Every structure is written in C-alpha cells, then in structure tokens.
Amino acid sequence: QVQLVESGGGLVQPGGSLRLSCAASGITVRIRRMAWYRQAPGKERDLVADIISDGTTNYADFVKGRFTIFRDNAKNTVYLQMNSLKPEDTALYYCSVNSVIGTIHWGQGTQVTVSS
C-alpha cells in the first residue's frame with residue numbers, strides 16, 4: 001500500500017522559513033511527478049510546485065522566487081523549501097505523487113501557519 005508521509009509544517013513568523021518533506025513508501029513503479037499543493041480554509045486546493053522525473057520544475061506565480069522544490073529519487077522523497085513566508089501562505093500543504101502508469105497518491109497534509 002502506497003503511503004505518503006509529510007513533515008516539517010508548523011508555526012513561523014512572517015519572513016521566516018520552513019522546509020517540508022514528503023516520503024513515499026510502498027510504491028512499486030517509477031514515480032513520474034511529485035508535487036506540493038495547498039488548501040486554505042474555504043478555498044480550493046492549488047498547485048504550489050511540481051517536479052518531473054527529469055528534474056523539470058514548475059511553480060505557481062504566488063511562490064516564484066520564494067519556494068524551491070527538489071527531490072531525492074533514491075529515497076522517493078520530495079521537499080519544499082519555503083522562504084520569505086507570508087501570512088497568505090498559511091494553509092494545509094499536501095504532497096502528491098504520480099506514477100508512470102497513471103496512478104496518483106496523496107498525503108494527509110501538514111499545516112503551515114504564518115503569523116506574528
């Protein structure tokens with residue numbers, strides 16, 4: 001059974017940094033894409049960033065220049081380095097994994113709260 005375990009969320013002051021990680025286990029096929037999404041209360045889930053198996057990355061405009069996504073293929077782990085955090089970055093952050101055979105898996109989410 002595929003399991004995604006996220007960690008690294010928490011409370012941080014505006015301007016601070018956090019690093020999220022998501023480790024995928026139990027997946028028996030190659031991973032094509034790993035991504036981070038976020039969902040604030042009362043809002044839709046939005047893509048934050050994704051990274052393809054060849055290393056190509058894509059970022060939402062609202063995090064460009066502040067967030068960096070990277071992955072460790074050997075560990076099936078994806079990271080999201082978040083710098084210059086703003087109160088509007090407050091949300092539940094989810095990771096997702098797309099396999100090469102088209103399956104998609106989601107983590108349970110990790111809360112990020114940016115507040116003074």
# chains A, B, ... in the order shown; residues from 1 in each chain; ligands from 1
>>> residues_around(residues="Thr56 of chain A", least_positions_apart="3", cutoff="10 Å", atoms="only C-alpha atoms", output="compact mmCIF listing (two decimals) with all heavy atoms, in the first residue's frame")
# COMPACT_ATOMS: atom_id res chain seq x y z
N ARG A 33 6.07 12.13 -11.39
CA ARG A 33 5.92 13.51 -10.94
C ARG A 33 5.66 13.54 -9.44
O ARG A 33 4.94 12.70 -8.92
CB ARG A 33 4.76 14.15 -11.70
CG ARG A 33 4.29 15.52 -11.20
CD ARG A 33 3.09 15.97 -12.01
NE ARG A 33 2.54 17.25 -11.59
CZ ARG A 33 1.54 17.37 -10.71
NH1 ARG A 33 0.99 16.31 -10.16
NH2 ARG A 33 1.09 18.58 -10.40
N ASP A 50 5.67 21.62 -8.73
CA ASP A 50 5.87 20.20 -9.03
C ASP A 50 7.22 19.99 -9.69
O ASP A 50 7.87 20.93 -10.15
CB ASP A 50 4.73 19.59 -9.86
CG ASP A 50 4.58 20.19 -11.25
OD1 ASP A 50 5.46 20.94 -11.69
OD2 ASP A 50 3.55 19.90 -11.90
N ILE A 51 7.64 18.73 -9.68
CA ILE A 51 8.92 18.37 -10.25
C ILE A 51 8.77 17.03 -10.95
O ILE A 51 8.22 16.07 -10.39
CB ILE A 51 10.03 18.35 -9.17
CG1 ILE A 51 11.40 18.01 -9.78
CG2 ILE A 51 9.69 17.40 -8.02
CD1 ILE A 51 12.57 18.32 -8.85
N ILE A 52 9.24 16.99 -12.19
CA ILE A 52 9.14 15.80 -13.01
C ILE A 52 10.41 14.96 -12.81
O ILE A 52 11.41 15.45 -12.28
CB ILE A 52 8.96 16.18 -14.48
CG1 ILE A 52 7.83 17.19 -14.64
CG2 ILE A 52 8.66 14.95 -15.34
CD1 ILE A 52 6.51 16.73 -14.10
N SER A 53 10.36 13.71 -13.24
CA SER A 53 11.48 12.80 -13.01
C SER A 53 12.78 13.29 -13.63
O SER A 53 13.86 12.94 -13.15
CB SER A 53 11.13 11.41 -13.54
OG SER A 53 10.77 11.48 -14.90
N PHE A 70 12.50 20.26 -4.60
CA PHE A 70 13.55 19.36 -5.05
C PHE A 70 13.24 17.96 -4.53
O PHE A 70 12.42 17.79 -3.62
CB PHE A 70 14.95 19.83 -4.63
CG PHE A 70 15.13 20.05 -3.15
CD1 PHE A 70 15.79 19.10 -2.37
CD2 PHE A 70 14.70 21.22 -2.54
CE1 PHE A 70 15.98 19.31 -1.01
CE2 PHE A 70 14.89 21.44 -1.18
CZ PHE A 70 15.53 20.48 -0.42
>>> residues_around(residues="segment 106-110 of chain A", least_positions_apart="2", cutoff="6 Å", atoms="only C-alpha atoms", output="ChimeraX atom specification")
/A:4,9,92-96
>>> closest_residue(among="A:Val2, A:Val114, A:Leu11, A:Ile101", to="Leu85 of chain A", atoms="only C-alpha atoms")
A:Val114
>>> residues_around(residues="Ser7 of chain A", least_positions_apart="4", cutoff="9 Å", atoms="only C-alpha atoms", output="list in words")
Arg19, Leu20, Ser21, Cys22, Ala23, Gly109 and Thr110 of chain A
>>> residues_around(residues="Asn98 of chain A", least_positions_apart="4", cutoff="7 Å", atoms="only C-alpha atoms", output="number ranges by chain")
A: 31-34, 102-105
>>> select_by_dssp(residues="segment 32-61 of chain A", states="strand (DSSP E or B)", output="MDAnalysis selection string")
chainID A and resid 32:39 46:52 57:59
>>> write_last_selection(atoms="all heavy atoms", output="short mmCIF file (atom, residue, chain, number, x, y, z; two decimals), in the first residue's frame")
data_model
loop_
_atom_site.label_atom_id
_atom_site.label_comp_id
_atom_site.auth_asym_id
_atom_site.auth_seq_id
_atom_site.Cartn_x
_atom_site.Cartn_y
_atom_site.Cartn_z
N ARG A 32 6.72 9.45 -11.73
CA ARG A 32 6.91 10.40 -12.81
C ARG A 32 6.95 11.83 -12.29
O ARG A 32 7.78 12.64 -12.73
CB ARG A 32 5.78 10.28 -13.83
CG ARG A 32 5.93 11.19 -15.04
CD ARG A 32 4.73 11.08 -15.97
NE ARG A 32 3.52 11.61 -15.36
CZ ARG A 32 3.19 12.90 -15.34
NH1 ARG A 32 4.00 13.81 -15.88
NH2 ARG A 32 2.07 13.30 -14.78
N ARG A 33 6.07 12.13 -11.39
CA ARG A 33 5.92 13.51 -10.94
C ARG A 33 5.66 13.54 -9.44
O ARG A 33 4.94 12.70 -8.92
CB ARG A 33 4.76 14.15 -11.70
CG ARG A 33 4.29 15.52 -11.20
CD ARG A 33 3.09 15.97 -12.01
NE ARG A 33 2.54 17.25 -11.59
CZ ARG A 33 1.54 17.37 -10.71
NH1 ARG A 33 0.99 16.31 -10.16
NH2 ARG A 33 1.09 18.58 -10.40
N MET A 34 6.24 14.52 -8.77
CA MET A 34 5.96 14.76 -7.37
C MET A 34 5.59 16.23 -7.23
O MET A 34 6.17 17.09 -7.92
CB MET A 34 7.17 14.42 -6.49
CG MET A 34 7.66 13.00 -6.68
SD MET A 34 9.04 12.55 -5.58
CE MET A 34 8.14 12.04 -4.11
N ALA A 35 4.64 16.51 -6.36
CA ALA A 35 4.11 17.87 -6.30
C ALA A 35 3.68 18.24 -4.89
O ALA A 35 3.43 17.37 -4.05
CB ALA A 35 2.93 18.01 -7.26
N TRP A 36 3.60 19.54 -4.68
CA TRP A 36 3.02 20.11 -3.47
C TRP A 36 1.82 20.96 -3.85
O TRP A 36 1.90 21.76 -4.78
CB TRP A 36 4.05 20.96 -2.72
CG TRP A 36 5.10 20.17 -2.04
CD1 TRP A 36 6.35 19.89 -2.51
CD2 TRP A 36 5.01 19.54 -0.76
NE1 TRP A 36 7.04 19.12 -1.61
CE2 TRP A 36 6.25 18.90 -0.51
CE3 TRP A 36 4.02 19.46 0.21
CZ2 TRP A 36 6.51 18.18 0.66
CZ3 TRP A 36 4.27 18.75 1.37
CH2 TRP A 36 5.50 18.12 1.60
N TYR A 37 0.75 20.77 -3.11
CA TYR A 37 -0.45 21.58 -3.24
C TYR A 37 -0.73 22.21 -1.88
O TYR A 37 -0.20 21.77 -0.86
CB TYR A 37 -1.65 20.71 -3.64
CG TYR A 37 -1.62 20.18 -5.04
CD1 TYR A 37 -0.79 19.12 -5.40
CD2 TYR A 37 -2.43 20.74 -6.04
CE1 TYR A 37 -0.77 18.63 -6.70
CE2 TYR A 37 -2.42 20.25 -7.33
CZ TYR A 37 -1.59 19.20 -7.65
OH TYR A 37 -1.57 18.72 -8.94
N ARG A 38 -1.60 23.20 -1.88
CA ARG A 38 -2.03 23.75 -0.60
C ARG A 38 -3.50 24.14 -0.67
O ARG A 38 -4.02 24.45 -1.74
CB ARG A 38 -1.17 24.95 -0.20
CG ARG A 38 -1.40 26.22 -0.99
CD ARG A 38 -0.37 27.27 -0.58
NE ARG A 38 -0.68 28.59 -1.13
CZ ARG A 38 0.14 29.64 -1.01
NH1 ARG A 38 1.29 29.53 -0.37
NH2 ARG A 38 -0.22 30.81 -1.52
N GLN A 39 -4.11 24.13 0.49
CA GLN A 39 -5.51 24.49 0.59
C GLN A 39 -5.74 25.28 1.87
O GLN A 39 -5.50 24.78 2.97
CB GLN A 39 -6.40 23.25 0.58
CG GLN A 39 -7.88 23.54 0.50
CD GLN A 39 -8.70 22.30 0.20
OE1 GLN A 39 -8.26 21.17 0.38
NE2 GLN A 39 -9.91 22.50 -0.31
N ASP A 46 -4.77 24.38 -4.43
CA ASP A 46 -3.97 24.95 -5.51
C ASP A 46 -2.63 24.25 -5.62
O ASP A 46 -2.02 23.89 -4.60
CB ASP A 46 -3.71 26.44 -5.26
CG ASP A 46 -4.96 27.28 -5.35
OD1 ASP A 46 -5.81 26.99 -6.21
OD2 ASP A 46 -5.07 28.25 -4.57
N LEU A 47 -2.16 24.11 -6.84
CA LEU A 47 -0.81 23.61 -7.05
C LEU A 47 0.19 24.67 -6.62
O LEU A 47 0.07 25.83 -6.99
CB LEU A 47 -0.60 23.27 -8.53
CG LEU A 47 0.82 22.86 -8.92
CD1 LEU A 47 1.19 21.53 -8.28
CD2 LEU A 47 0.96 22.78 -10.44
N VAL A 48 1.17 24.26 -5.83
CA VAL A 48 2.25 25.16 -5.41
C VAL A 48 3.46 24.98 -6.31
O VAL A 48 4.01 25.94 -6.84
CB VAL A 48 2.63 24.89 -3.94
CG1 VAL A 48 3.82 25.74 -3.53
CG2 VAL A 48 1.44 25.13 -3.02
N ALA A 49 3.88 23.73 -6.47
CA ALA A 49 5.05 23.43 -7.29
C ALA A 49 5.06 21.94 -7.61
O ALA A 49 4.52 21.14 -6.85
CB ALA A 49 6.34 23.82 -6.58
N ASP A 50 5.67 21.62 -8.73
CA ASP A 50 5.87 20.20 -9.03
C ASP A 50 7.22 19.99 -9.69
O ASP A 50 7.87 20.93 -10.15
CB ASP A 50 4.73 19.59 -9.86
CG ASP A 50 4.58 20.19 -11.25
OD1 ASP A 50 5.46 20.94 -11.69
OD2 ASP A 50 3.55 19.90 -11.90
N ILE A 51 7.64 18.73 -9.68
CA ILE A 51 8.92 18.37 -10.25
C ILE A 51 8.77 17.03 -10.95
O ILE A 51 8.22 16.07 -10.39
CB ILE A 51 10.03 18.35 -9.17
CG1 ILE A 51 11.40 18.01 -9.78
CG2 ILE A 51 9.69 17.40 -8.02
CD1 ILE A 51 12.57 18.32 -8.85
N ILE A 52 9.24 16.99 -12.19
CA ILE A 52 9.14 15.80 -13.01
C ILE A 52 10.41 14.96 -12.81
O ILE A 52 11.41 15.45 -12.28
CB ILE A 52 8.96 16.18 -14.48
CG1 ILE A 52 7.83 17.19 -14.64
CG2 ILE A 52 8.66 14.95 -15.34
CD1 ILE A 52 6.51 16.73 -14.10
N THR A 57 11.06 21.64 -13.15
CA THR A 57 10.20 22.16 -12.08
C THR A 57 9.22 23.19 -12.61
O THR A 57 9.44 23.81 -13.66
CB THR A 57 11.03 22.81 -10.97
OG1 THR A 57 11.82 23.86 -11.53
CG2 THR A 57 11.95 21.80 -10.30
N ASN A 58 8.15 23.36 -11.87
CA ASN A 58 7.11 24.32 -12.23
C ASN A 58 6.59 24.92 -10.93
O ASN A 58 6.40 24.19 -9.95
CB ASN A 58 5.99 23.59 -12.98
CG ASN A 58 4.78 24.47 -13.22
OD1 ASN A 58 4.90 25.52 -13.84
ND2 ASN A 58 3.62 24.06 -12.73
N TYR A 59 6.39 26.24 -10.93
CA TYR A 59 5.94 26.92 -9.72
C TYR A 59 4.72 27.79 -10.00
O TYR A 59 4.61 28.40 -11.06
CB TYR A 59 7.05 27.83 -9.17
CG TYR A 59 8.27 27.10 -8.70
CD1 TYR A 59 9.34 26.85 -9.56
CD2 TYR A 59 8.36 26.64 -7.38
CE1 TYR A 59 10.46 26.17 -9.12
CE2 TYR A 59 9.48 25.98 -6.93
CZ TYR A 59 10.53 25.74 -7.81
OH TYR A 59 11.64 25.07 -7.36
#
>>> select_by_dssp(residues="chain A", states="helix (DSSP H, G or I)", output="ChimeraX atom specification")
/A:73-75,87-89
>>> write_last_selection(atoms="C-alpha atoms", output="PDB file, in the first residue's frame")
ATOM      1  CA  ASN A  73      14.855   9.946  -6.252  1.00  0.00           C
ATOM      2  CA  ALA A  74      16.752   7.304  -4.321  1.00  0.00           C
ATOM      3  CA  LYS A  75      14.601   7.989  -1.265  1.00  0.00           C
ATOM      4  CA  PRO A  87       0.576  35.208   6.209  1.00  0.00           C
ATOM      5  CA  GLU A  88      -1.215  34.329   2.975  1.00  0.00           C
ATOM      6  CA  ASP A  89       0.938  31.198   2.715  1.00  0.00           C
TER       7      ASP A  89
END
>>> residues_around(residues="segment 62-69 of chain A", least_positions_apart="2", cutoff="6 Å", atoms="only C-alpha atoms", output="ChimeraX atom specification")
/A:59-60,79-83
>>> write_last_selection(atoms="all heavy atoms", output="mmCIF file, in the first residue's frame")
data_model
loop_
_atom_site.group_PDB
_atom_site.id
_atom_site.type_symbol
_atom_site.label_atom_id
_atom_site.label_comp_id
_atom_site.auth_asym_id
_atom_site.auth_seq_id
_atom_site.Cartn_x
_atom_site.Cartn_y
_atom_site.Cartn_z
ATOM 1 N N TYR A 59 6.386 26.237 -10.928
ATOM 2 C CA TYR A 59 5.944 26.922 -9.718
ATOM 3 C C TYR A 59 4.721 27.786 -9.997
ATOM 4 O O TYR A 59 4.609 28.395 -11.064
ATOM 5 C CB TYR A 59 7.048 27.826 -9.168
ATOM 6 C CG TYR A 59 8.272 27.099 -8.699
ATOM 7 C CD1 TYR A 59 9.337 26.846 -9.557
ATOM 8 C CD2 TYR A 59 8.364 26.643 -7.382
ATOM 9 C CE1 TYR A 59 10.458 26.173 -9.117
ATOM 10 C CE2 TYR A 59 9.484 25.976 -6.932
ATOM 11 C CZ TYR A 59 10.528 25.744 -7.807
ATOM 12 O OH TYR A 59 11.642 25.070 -7.365
ATOM 13 N N ALA A 60 3.860 27.867 -8.998
ATOM 14 C CA ALA A 60 2.776 28.833 -9.077
ATOM 15 C C ALA A 60 3.359 30.232 -8.959
ATOM 16 O O ALA A 60 4.378 30.438 -8.281
ATOM 17 C CB ALA A 60 1.778 28.593 -7.952
ATOM 18 N N TYR A 79 10.853 17.565 -1.395
ATOM 19 C CA TYR A 79 10.991 18.615 -0.402
ATOM 20 C C TYR A 79 10.434 19.922 -0.960
ATOM 21 O O TYR A 79 10.408 20.135 -2.172
ATOM 22 C CB TYR A 79 12.459 18.818 -0.030
ATOM 23 C CG TYR A 79 13.156 17.588 0.470
ATOM 24 C CD1 TYR A 79 13.797 16.735 -0.423
ATOM 25 C CD2 TYR A 79 13.173 17.273 1.822
ATOM 26 C CE1 TYR A 79 14.445 15.592 0.029
ATOM 27 C CE2 TYR A 79 13.818 16.136 2.278
ATOM 28 C CZ TYR A 79 14.454 15.300 1.379
ATOM 29 O OH TYR A 79 15.098 14.171 1.830
ATOM 30 N N LEU A 80 10.038 20.792 -0.048
ATOM 31 C CA LEU A 80 9.635 22.135 -0.430
ATOM 32 C C LEU A 80 10.283 23.104 0.553
ATOM 33 O O LEU A 80 9.922 23.146 1.729
ATOM 34 C CB LEU A 80 8.115 22.295 -0.404
ATOM 35 C CG LEU A 80 7.589 23.637 -0.917
ATOM 36 C CD1 LEU A 80 7.825 23.762 -2.438
ATOM 37 C CD2 LEU A 80 6.107 23.803 -0.612
ATOM 38 N N GLN A 81 11.277 23.819 0.051
ATOM 39 C CA GLN A 81 11.931 24.836 0.868
ATOM 40 C C GLN A 81 11.158 26.136 0.691
ATOM 41 O O GLN A 81 11.033 26.632 -0.430
ATOM 42 C CB GLN A 81 13.384 25.030 0.426
ATOM 43 C CG GLN A 81 14.117 26.126 1.179
ATOM 44 C CD GLN A 81 14.304 25.803 2.644
ATOM 45 O OE1 GLN A 81 14.608 24.659 3.013
ATOM 46 N NE2 GLN A 81 14.119 26.794 3.500
ATOM 47 N N MET A 82 10.635 26.657 1.783
ATOM 48 C CA MET A 82 9.810 27.852 1.742
ATOM 49 C C MET A 82 10.502 28.976 2.489
ATOM 50 O O MET A 82 10.747 28.869 3.696
ATOM 51 C CB MET A 82 8.442 27.561 2.371
ATOM 52 C CG MET A 82 7.732 26.360 1.757
ATOM 53 S SD MET A 82 6.058 26.131 2.398
ATOM 54 C CE MET A 82 6.414 25.739 4.102
ATOM 55 N N ASN A 83 10.840 30.028 1.769
ATOM 56 C CA ASN A 83 11.494 31.192 2.353
ATOM 57 C C ASN A 83 10.592 32.410 2.224
ATOM 58 O O ASN A 83 9.652 32.411 1.435
ATOM 59 C CB ASN A 83 12.823 31.455 1.653
ATOM 60 C CG ASN A 83 13.799 30.308 1.799
ATOM 61 O OD1 ASN A 83 13.808 29.601 2.802
ATOM 62 N ND2 ASN A 83 14.645 30.134 0.788
#
>>> closest_residue(among="A:Ala40, A:Ser116, A:Gln1, A:Gly55", to="Lys86 of chain A", atoms="only C-alpha atoms")
A:Ser116
>>> atom_distance(atom1="atom CA of Val29 of chain A", atom2="atom CA of Gln111 of chain A")
28.8 Å
>>> atom_distance(atom1="atom CA of Val100 of chain A", atom2="atom CA of Arg30 of chain A")
5.8 Å
